[in-house]
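> Questions regarding the structure given below will be posed in turn.
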Amino acid sequence: MDALLTLWQSTGIANLTWREGIMLLVGCGLIYLAIAKRFEPLLLVPIGFGTLLSNIPVAGIGGPDGMIGMIYAIGVETGIFPLLIFLGIGAMTDFGALIARPSTLLLGAAAQFGIFATLIGALALNLLPGFQFSLADAAAIGIIGGADGPTAIFLASRLAPDLLGAIAVAAYSYMALVPIIQPPIMRALTTPAERAIVMEQLRPVTRLERILFPFMVLLLCALLLPSAAPLIGMLTFGNLLRESGVVDRLSRAAQNEIINVVTILLGLAIGSKLSGELFLTPQTLGILLLGAIAFSIGTASGVLMGKIMCWVTGGKVNPLIGAAGVSAVPMSARVVNKVGLEANHHNFLLMHAMGPNVAGVIGSAVAAGVLLALVSG
């Protein structure tokens, strides 16, 4: 009888709590969204499966001595995974749209407003019982507004390691939910006529311009904001591999093998922080709420700046492209293109939206550098 009792107590059913049960359903929900709805499957499949693994009772897969827990410690806590992701993003990204229309930097900058608004919001939460965020914590939470998972992980690992799991989950969740969150905001802030604006074709960009661009960005970063150098450095190095045309093998590796392996490991590692005991707390849920607000403010700020540019240029800029100022590359640009096509079947905004989209990548890295310099200094 004692042997049967011991055997029963070692089973998952006997040790399953309501928190773990809820998170198992959440993991299944994320995988469903990835497979059935095609919501960023590259992110949601590994994150969802990591959630399932980390909530298996007794197994301890997501703990300090578990497989996913060790992956988290090696790649996320050290900040190595975000830097390798930025290397791959740089190698995959065509900055031609930004070079052809430098004014879209303003849209990328405007979309970062959500970061600083959320910093204030995080400090305001301290007025409620159960919340006690320091300035460093608030700065790390605010970066979620840039919709840039690697940057959020990098900054949180420096400023708020204890909140890193919740911040990473929030940042990647909102990146994946861009197709749901952004369109209502875009439609609410623009008129049908504005959404139907067809933009002129971008000018051709020379090879010399493409090669010089990463050097110029890195030089400005080194001179003005050295604290952002790790992120900007890897982004520009990856882009140089792409544009130089002489290291195709390295460029392909950065675009494929390296970023694919890191994406799998990073997704599983983030999923390890979706265990019931860590995730279902007032503090974590507050971070998720702030993340949604930050992302919404960033989207709205970009669209409003787009409206200003539309007015200044006499209707030559479609305000929708401002929504791509958040650095969810290329998801936001695709969403902008989709909403534009709904208003005008001949309105192809993808390349125009890529300008502010890649500007948002640079903008979020710069914002992280500013916060790092101010708070840690």
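So you can find residues: chains in the structure tokens are A, B, ... in the order shown, residues in each start at 1, and ligands are numbered from 1 in order.
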Which residues, written as number ranges by chain, have at least one atom at most 12 Å from Gly298 of chain A, with only C-alpha atoms counted and residues fewer than 2 positions away on the same chain left out?
A: 107-118, 142-148, 174, 178, 181-182, 185-186, 291-296, 300-305, 322-328, 332, 360, 363-364
> Output C-alpha atoms for every residue in that selection, as a compact mmCIF listing (two decimals), in the first residue's frame.

```txt
# COMPACT_ATOMS: atom_id res chain seq x y z
CA LEU A 107 8.52 57.80 -37.24
CA GLY A 108 10.85 55.29 -35.60
CA ALA A 109 11.73 57.87 -32.95
CA ALA A 110 8.11 58.84 -32.29
CA ALA A 111 7.11 55.22 -31.72
CA GLN A 112 9.58 55.03 -28.83
CA PHE A 113 7.43 57.47 -26.84
CA GLY A 114 5.61 54.50 -25.37
CA ILE A 115 8.84 53.44 -23.65
CA PHE A 116 9.15 56.60 -21.59
CA ALA A 117 5.41 56.88 -20.93
CA THR A 118 5.43 53.35 -19.52
CA GLY A 142 9.24 50.57 -20.26
CA ILE A 143 11.42 49.12 -23.02
CA ILE A 144 8.60 46.65 -23.76
CA GLY A 145 6.93 49.56 -25.58
CA GLY A 146 9.49 49.25 -28.36
CA ALA A 147 8.14 45.78 -29.21
CA ASP A 148 11.74 44.58 -29.47
CA TYR A 174 3.22 41.60 -27.85
CA VAL A 178 1.06 42.70 -33.49
CA ILE A 181 -3.18 44.91 -31.33
CA GLN A 182 -2.13 47.35 -34.04
CA ILE A 185 -5.37 51.62 -33.19
CA MET A 186 -4.37 52.41 -36.77
CA GLY A 291 3.53 46.20 -21.74
CA ALA A 292 0.20 46.31 -23.57
CA ILE A 293 -0.19 49.99 -22.72
CA ALA A 294 3.39 50.73 -23.81
CA PHE A 295 2.95 48.98 -27.14
CA SER A 296 -0.35 50.72 -27.78
CA ALA A 300 -0.38 55.53 -31.59
CA SER A 301 2.62 57.88 -31.36
CA GLY A 302 4.00 56.57 -34.65
CA VAL A 303 0.66 56.98 -36.43
CA LEU A 304 0.21 60.52 -35.08
CA MET A 305 3.71 61.45 -36.29
CA GLY A 322 4.01 55.38 -38.63
CA ALA A 323 2.65 52.26 -36.91
CA ALA A 324 5.67 50.38 -38.22
CA GLY A 325 7.90 52.63 -36.10
CA VAL A 326 7.80 50.02 -33.35
CA SER A 327 10.66 47.63 -33.99
CA ALA A 328 8.67 44.43 -34.54
CA SER A 332 4.49 45.70 -38.19
CA GLY A 360 12.38 51.48 -34.89
CA GLY A 363 15.41 53.67 -32.08
CA SER A 364 14.69 51.00 -29.46
```
> As a ChimeraX atom specification, please: the residues near His352 of chain A (cut-off 8 Å, only C-alpha atoms, same-chain neighbours under 5 positions excluded).
/A:97,199,202,321
> Choose the residue, out of A:Val45, A:Val336, A:Cys28, A:Leu371, that has the smallest atom-to-atom separation from Pro184 of chain A; count only C-alpha atoms.
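Closest to Pro184 of chain A, using only C-alpha atoms: A:Val336.
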> To one decimal in Å, tell me the separation between atom CA of Phe348 of chain A and atom CA of Ser103 of chain A.
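Computing it gives 19.2 Å between the two atoms.
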> I'd like the interatomic distance between atom CA of Ile120 of chain A and atom CA of Ala269 of chain A, to a tenth of an Å.
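Between atom CA of Ile120 of chain A and atom CA of Ala269 of chain A the gap works out to 28.8 Å.
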> Would you pick out the contacts of Leu42 of chain A at 9 Å or less, using only C-alpha atoms, so that residues sharing its chain but fewer than 2 positions from it are not included, and give the list as a count of residues only?
11
> If you count only C-alpha atoms, which residues fall within 12 Å of Leu25 of chain A, apart from same-chain ones fewer than 6 positions away, as a tab-separated table (two decimals) with N, CA and C atoms, in the first residue's frame?

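part_27.tsv written:
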```
chain	number	residue	atom	x	y	z
A	18	TRP	N	-3.47	24.25	-9.57
A	18	TRP	CA	-4.32	25.04	-10.47
A	18	TRP	C	-3.50	26.02	-11.30
A	19	ARG	N	-2.42	26.54	-10.71
A	19	ARG	CA	-1.56	27.46	-11.45
A	19	ARG	C	-0.93	26.77	-12.65
A	31	ILE	N	0.45	27.80	-28.85
A	31	ILE	CA	0.74	26.91	-29.99
A	31	ILE	C	-0.42	26.92	-30.98
A	32	TYR	N	-1.65	26.99	-30.46
A	32	TYR	CA	-2.82	27.08	-31.34
A	32	TYR	C	-2.77	28.34	-32.20
A	48	GLY	N	5.48	28.49	-26.59
A	48	GLY	CA	4.37	27.67	-26.11
A	48	GLY	C	4.82	26.31	-25.62
A	49	PHE	N	5.72	25.67	-26.37
A	49	PHE	CA	6.18	24.35	-25.96
A	49	PHE	C	7.06	24.45	-24.71
A	51	THR	N	6.57	26.54	-22.41
A	51	THR	CA	5.59	26.70	-21.32
A	51	THR	C	5.07	25.34	-20.87
A	52	LEU	N	4.76	24.46	-21.82
A	52	LEU	CA	4.29	23.12	-21.46
A	52	LEU	C	5.36	22.37	-20.66
A	55	ASN	N	5.88	23.53	-17.03
A	55	ASN	CA	4.76	23.34	-16.09
A	55	ASN	C	4.43	21.87	-15.85
A	56	ILE	N	5.29	20.98	-16.30
A	56	ILE	CA	5.11	19.56	-15.96
A	56	ILE	C	5.52	19.38	-14.50
A	274	LEU	N	7.28	30.93	-17.88
A	274	LEU	CA	5.83	30.91	-17.85
A	274	LEU	C	5.29	29.80	-16.96
A	275	SER	N	6.08	29.45	-15.96
A	275	SER	CA	5.58	28.47	-14.99
A	275	SER	C	4.57	29.16	-14.07
A	276	GLY	N	3.61	28.39	-13.56
A	276	GLY	CA	2.52	28.97	-12.79
A	276	GLY	C	2.97	29.76	-11.58
```
> What's the 9 Å shell around Leu231 of chain A, counting only C-alpha atoms, without same-chain residues fewer than 2 positions away, as an mmCIF file with C-alpha atoms, in the first residue's frame?

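After the write, part.cif holds the following:
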```cif
data_model
loop_
_atom_site.group_PDB
_atom_site.id
_atom_site.type_symbol
_atom_site.label_atom_id
_atom_site.label_comp_id
_atom_site.auth_asym_id
_atom_site.auth_seq_id
_atom_site.Cartn_x
_atom_site.Cartn_y
_atom_site.Cartn_z
ATOM 1 C CA PRO A 82 19.789 39.146 -27.724
ATOM 2 C CA LEU A 83 23.124 40.177 -29.239
ATOM 3 C CA PHE A 86 20.628 41.448 -33.442
ATOM 4 C CA LEU A 87 23.446 40.021 -35.559
ATOM 5 C CA PRO A 150 16.104 41.184 -27.829
ATOM 6 C CA THR A 151 16.469 44.796 -26.645
ATOM 7 C CA PHE A 154 19.360 42.957 -22.972
ATOM 8 C CA SER A 227 26.062 52.364 -23.819
ATOM 9 C CA ALA A 228 24.044 51.227 -26.863
ATOM 10 C CA ALA A 229 27.162 49.930 -28.633
ATOM 11 C CA GLY A 233 27.397 47.071 -32.981
ATOM 12 C CA MET A 234 25.955 43.614 -33.636
ATOM 13 C CA LEU A 235 23.149 45.062 -35.778
ATOM 14 C CA THR A 236 25.563 47.007 -37.976
ATOM 15 C CA ILE A 362 17.699 51.449 -34.159
ATOM 16 C CA ALA A 365 18.399 50.207 -29.157
ATOM 17 C CA VAL A 366 19.137 53.908 -28.712
ATOM 18 C CA GLY A 369 21.215 52.941 -24.328
#
```
> Please provide as a ChimeraX atom specification all residues within 9 Å of Ile287 of chain A, with the sequence filter that same-chain residues fewer than 2 positions apart are discarded (counting only C-alpha atoms).
/A:122,141,163,166-167,170,282-285,289-292
> Save out the residues we just selected, C-alpha atoms, as a compact mmCIF listing (two decimals), in the first residue's frame.

```txt
# COMPACT_ATOMS: atom_id res chain seq x y z
CA ALA A 122 5.50 51.59 -13.78
CA ILE A 141 9.62 47.49 -18.05
CA LEU A 163 12.08 40.87 -13.61
CA ALA A 166 8.26 38.60 -17.02
CA ILE A 167 9.66 41.36 -19.25
CA ALA A 170 5.64 40.42 -22.26
CA PRO A 282 0.35 40.55 -9.28
CA GLN A 283 3.76 41.93 -10.25
CA THR A 284 4.05 39.87 -13.43
CA LEU A 285 0.46 40.56 -14.46
CA LEU A 289 -0.63 45.22 -18.52
CA LEU A 290 2.02 47.93 -18.71
CA GLY A 291 3.53 46.20 -21.74
CA ALA A 292 0.20 46.31 -23.57
```
> Given only C-alpha atoms as the basis, pick out the residue of A:Val317, A:Ile85, A:Met92, A:Ala73 nearest to Arg242 of chain A.
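Once distances to Arg242 of chain A are computed over only C-alpha atoms, the minimum belongs to A:Met92.
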> Please indicate the distance in Å from atom CA of Pro214 of chain A to atom CA of Val335 of chain A, rounded to one decimal place.
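These atoms are spaced 26.7 Å apart.
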> Please provide as a list in words all residues within 10 Å of Lys338 of chain A, with the sequence filter that same-chain residues fewer than 3 positions apart are discarded (counting only C-alpha atoms).
Pro179, Pro183, Ser332, Ala333, Arg334, Val335, Leu341, Glu342, Ala343, Asn344, His345, Asn347, Phe348, Leu349 and Leu350 of chain A
> Go through segment 144-294 of chain A and collect every residue that DSSP, computed from the backbone, puts in helix (DSSP H, G or I); the answer should be as number ranges by chain.
A: 144-146, 149-159, 161-176, 178-189, 192-195, 207-224, 226-244, 248-272, 276-279, 282-294
> With distances taken over only C-alpha atoms, which of A:Ala353, A:Val247, A:Ala140, A:Val262 is nearest to Val76 of chain A?
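Result for the nearest residue to Val76 of chain A: A:Val262.
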